[in-house]
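Worksheet: the structure to be examined is printed underneath.
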Amino acid sequence: MYGKLIGKGVVRIINRIKISFKRHIIVLITMLILNISLVFLGLWGNAILVKEVEEKNIEKGISKCSESVNDLDNIIYLGENIVNFVERDYRYMNKLEDNRLTTKLLVDETFKMINENTDYFYNLYIACDGKVESTMVDSYENSSPIGRDWYEIAIERGDLVITNPYTDIITGESIITISTKIQNTNNCVVGLDIKQSKINAIITRLSKEEDCVTSGFILNRDGIIVGHSNKDLIGKSINDDTIDKQEYIEPYIEDILNKPAG
């Protein structure tokens, strides 16, 4: 009799253990499912957050690109107007019978007026008959314009020219020149130098304004870098495979260069 009671007791204990074990299993499975769900929700939420941050950063980048375009356009537009005005004044000056205004005085007075309002520009000059009349030191007057891009291309095209970045032969300053042929002349050209540092200052300022923007560059239509956060890359072609992370830029080069806005 005692044996049967003990047997029943043991069975009850085993059943209770089984029930308790099942409950623990259910609890563990439930907790596991909840943890997996939380992890999934966390990953999903993080992915959404990352995507939102990425989209906002892209929007900020696009905004900074637009700002740089506007800033650069303002410099170029002003420079082109100055060159056109000097070209017109030079032609008008040569028509005067009693002309007391010399070429040197024309460029000096014009450049003085320009510098009262802006410091974008580096030098203003007129090249004619192999001689250069410049606002800078007299050394320019002894330098020949022959073979210089700003001179030769302007003569060839007969219109406005914006050169690639190059090193000034007198001062060693990195510059870009806006030039144009003086109409009704055979070989006269007006040139205006833009300080390369002013173009790079646009990129530097805009990069510092947003933490997500680490660097920037400006290309011309030929794919030449006319401005870059890394000054060593200025003047290089965007197709140069020595450029850092060039493989990330390469898929977009053709699209960038073919943009209607330039």
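By convention in this document, the chains of the structure tokens carry letters A, B, ... by their order, each chain's residues are numbered from 1, and ligands are numbered from 1 in the order they are shown.
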Please give the complete set of residues from region 36-224 of chain A that DSSP, run on the backbone, assigns to strand (DSSP E or B), formatted as a PyMOL selection string.
-> chain A and resi 121-128+131-134+161-162+166-167+174-181+189-195+217-219+224
Suppose we keep C-alpha atoms; can you now write the selection as a JSON list (two decimals), in the first residue's frame?
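Here's the written file result34.json:
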```
[["chain", "number", "residue", "atom", "x", "y", "z"],
["A", 121, "PHE", "CA", 40.83, 89.38, -59.03],
["A", 122, "TYR", "CA", 44.59, 89.34, -59.27],
["A", 123, "ASN", "CA", 45.61, 91.25, -62.38],
["A", 124, "LEU", "CA", 44.13, 93.08, -65.39],
["A", 125, "TYR", "CA", 46.04, 93.53, -68.63],
["A", 126, "ILE", "CA", 45.90, 94.14, -72.35],
["A", 127, "ALA", "CA", 48.23, 92.30, -74.73],
["A", 128, "CYS", "CA", 48.76, 93.85, -78.14],
["A", 131, "LYS", "CA", 53.52, 93.66, -75.52],
["A", 132, "VAL", "CA", 51.58, 93.38, -72.26],
["A", 133, "GLU", "CA", 50.27, 96.45, -70.40],
["A", 134, "SER", "CA", 49.50, 95.23, -66.89],
["A", 161, "VAL", "CA", 37.80, 82.30, -72.84],
["A", 162, "ILE", "CA", 38.20, 80.86, -69.33],
["A", 166, "TYR", "CA", 47.96, 77.60, -64.27],
["A", 167, "THR", "CA", 50.92, 79.15, -62.48],
["A", 174, "SER", "CA", 47.90, 79.86, -59.08],
["A", 175, "ILE", "CA", 45.34, 81.65, -61.27],
["A", 176, "ILE", "CA", 42.55, 81.25, -63.83],
["A", 177, "THR", "CA", 42.21, 83.83, -66.59],
["A", 178, "ILE", "CA", 39.13, 85.24, -68.30],
["A", 179, "SER", "CA", 40.12, 86.79, -71.61],
["A", 180, "THR", "CA", 38.65, 87.97, -74.87],
["A", 181, "LYS", "CA", 39.92, 89.24, -78.20],
["A", 189, "VAL", "CA", 43.45, 90.59, -76.04],
["A", 190, "VAL", "CA", 42.10, 91.70, -72.66],
["A", 191, "GLY", "CA", 42.89, 89.39, -69.74],
["A", 192, "LEU", "CA", 41.66, 89.29, -66.14],
["A", 193, "ASP", "CA", 43.17, 86.88, -63.60],
["A", 194, "ILE", "CA", 41.04, 85.27, -60.87],
["A", 195, "LYS", "CA", 42.82, 84.23, -57.71],
["A", 217, "PHE", "CA", 35.74, 70.03, -55.94],
["A", 218, "ILE", "CA", 34.84, 72.12, -58.98],
["A", 219, "LEU", "CA", 35.27, 70.84, -62.54],
["A", 224, "ILE", "CA", 39.81, 69.60, -65.23]]
```
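Listed by chain and then by rising number, the residues of region 146-228 of chain A that DSSP assigns to alpha helix (DSSP H) from the backbone are A:Asp149, A:Trp150, A:Tyr151, A:Glu152, A:Ile153, A:Ala154, A:Ile155, A:Glu156, A:Arg157, A:Gln196, A:Ser197, A:Lys198, A:Ile199, A:Asn200, A:Ala201, A:Ile202, A:Ile203, A:Thr204, A:Arg205, A:Leu206, A:Ser207, A:Lys208, A:Glu209.
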Enter the distance from CA of Ile202 (chain A) to CA of Ser68 (chain A), in Å, rounded to one decimal.
->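 Those two atoms sit 6.3 Å apart.
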May I have the residues within 12 Å of Ile238 (chain A) as a ChimeraX atom specification, using only C-alpha atoms and disregarding those fewer than 6 positions away in the same chain?
-> /A:217-228,244-254,256-257
Close residues, region 89-94 of chain A itself excluded, 12 Å, only C-alpha atoms, min 4 positions apart in chain, as a PyMOL selection string | chain A and resi 82-85+98-107+109-110+125-128+181-185+188-190
Would you save the residues of that selection, restricted to N, CA, C and O atoms, as a CSV table (one decimal), in the first residue's frame?
```csv
chain,number,residue,atom,x,y,z
A,82,ILE,N,33.7,92.7,-66.6
A,82,ILE,CA,34.8,93.6,-66.6
A,82,ILE,C,35.6,93.5,-67.9
A,82,ILE,O,36.0,94.5,-68.4
A,83,VAL,N,35.9,92.2,-68.3
A,83,VAL,CA,36.7,92.0,-69.5
A,83,VAL,C,35.9,92.7,-70.7
A,83,VAL,O,36.6,93.3,-71.6
A,84,ASN,N,34.6,92.5,-70.8
A,84,ASN,CA,33.9,93.1,-71.9
A,84,ASN,C,33.9,94.6,-71.9
A,84,ASN,O,34.0,95.2,-72.9
A,85,PHE,N,33.8,95.2,-70.7
A,85,PHE,CA,33.8,96.6,-70.6
A,85,PHE,C,35.2,97.2,-71.0
A,85,PHE,O,35.2,98.2,-71.7
A,98,ASP,N,41.9,113.1,-80.1
A,98,ASP,CA,42.8,113.7,-79.1
A,98,ASP,C,42.7,112.8,-77.9
A,98,ASP,O,42.1,113.1,-76.9
A,99,ASN,N,43.5,111.7,-77.9
A,99,ASN,CA,43.3,110.7,-76.8
A,99,ASN,C,44.5,110.8,-75.8
A,99,ASN,O,45.6,110.6,-76.1
A,100,ARG,N,44.1,111.1,-74.6
A,100,ARG,CA,45.1,111.3,-73.5
A,100,ARG,C,45.1,110.0,-72.6
A,100,ARG,O,45.9,109.9,-71.7
A,101,LEU,N,44.2,109.1,-72.9
A,101,LEU,CA,44.1,107.9,-72.1
A,101,LEU,C,44.9,106.8,-72.7
A,101,LEU,O,44.7,106.4,-73.8
A,102,THR,N,45.9,106.4,-72.0
A,102,THR,CA,46.8,105.3,-72.5
A,102,THR,C,46.3,103.9,-72.1
A,102,THR,O,45.4,103.8,-71.2
A,103,THR,N,46.8,102.9,-72.7
A,103,THR,CA,46.4,101.5,-72.3
A,103,THR,C,46.7,101.2,-70.9
A,103,THR,O,45.9,100.6,-70.2
A,104,LYS,N,47.9,101.7,-70.4
A,104,LYS,CA,48.3,101.5,-69.1
A,104,LYS,C,47.3,102.1,-68.1
A,104,LYS,O,46.9,101.6,-67.1
A,105,LEU,N,47.0,103.4,-68.4
A,105,LEU,CA,46.1,104.1,-67.5
A,105,LEU,C,44.7,103.5,-67.5
A,105,LEU,O,44.0,103.4,-66.5
A,106,LEU,N,44.3,102.9,-68.7
A,106,LEU,CA,43.0,102.3,-68.8
A,106,LEU,C,42.9,101.1,-67.8
A,106,LEU,O,41.9,100.9,-67.1
A,107,VAL,N,43.9,100.2,-67.9
A,107,VAL,CA,43.9,99.0,-67.0
A,107,VAL,C,44.1,99.4,-65.6
A,107,VAL,O,43.4,98.8,-64.7
A,109,GLU,N,43.3,102.3,-63.9
A,109,GLU,CA,42.1,102.9,-63.4
A,109,GLU,C,40.9,101.9,-63.2
A,109,GLU,O,40.2,102.0,-62.2
A,110,THR,N,40.8,101.1,-64.2
A,110,THR,CA,39.7,100.1,-64.1
A,110,THR,C,39.9,99.1,-63.0
A,110,THR,O,39.0,98.8,-62.2
A,125,TYR,N,45.0,93.1,-67.7
A,125,TYR,CA,46.0,93.5,-68.6
A,125,TYR,C,45.5,93.5,-70.0
A,125,TYR,O,44.5,92.9,-70.3
A,126,ILE,N,46.2,94.2,-70.9
A,126,ILE,CA,45.9,94.1,-72.4
A,126,ILE,C,47.2,93.8,-73.1
A,126,ILE,O,48.2,94.4,-72.9
A,127,ALA,N,47.1,92.7,-73.9
A,127,ALA,CA,48.2,92.3,-74.7
A,127,ALA,C,48.0,92.7,-76.2
A,127,ALA,O,46.9,92.4,-76.7
A,128,CYS,N,48.9,93.4,-76.8
A,128,CYS,CA,48.8,93.9,-78.1
A,128,CYS,C,50.1,94.0,-78.8
A,128,CYS,O,51.1,94.6,-78.2
A,181,LYS,N,39.3,88.5,-77.1
A,181,LYS,CA,39.9,89.2,-78.2
A,181,LYS,C,39.2,90.6,-78.3
A,181,LYS,O,38.0,90.7,-78.2
A,182,ILE,N,40.0,91.6,-78.6
A,182,ILE,CA,39.5,93.0,-78.8
A,182,ILE,C,39.1,93.0,-80.2
A,182,ILE,O,39.9,92.9,-81.2
A,183,GLN,N,37.8,93.3,-80.4
A,183,GLN,CA,37.3,93.3,-81.8
A,183,GLN,C,37.9,94.4,-82.6
A,183,GLN,O,38.3,95.4,-82.1
A,184,ASN,N,37.9,94.2,-84.0
A,184,ASN,CA,38.5,95.1,-84.9
A,184,ASN,C,40.0,95.3,-84.7
A,184,ASN,O,40.6,96.3,-85.1
A,185,THR,N,40.6,94.3,-84.1
A,185,THR,CA,42.1,94.2,-84.0
A,185,THR,C,42.5,92.9,-84.5
A,185,THR,O,41.8,91.9,-84.5
A,188,CYS,N,45.0,91.7,-80.4
A,188,CYS,CA,44.9,92.4,-79.1
A,188,CYS,C,43.9,91.6,-78.2
A,188,CYS,O,42.8,91.2,-78.7
A,189,VAL,N,44.3,91.4,-77.0
A,189,VAL,CA,43.5,90.6,-76.0
A,189,VAL,C,43.4,91.3,-74.7
A,189,VAL,O,44.4,91.8,-74.2
A,190,VAL,N,42.2,91.3,-74.1
A,190,VAL,CA,42.1,91.7,-72.7
A,190,VAL,C,42.1,90.5,-71.8
A,190,VAL,O,41.4,89.5,-72.1
```
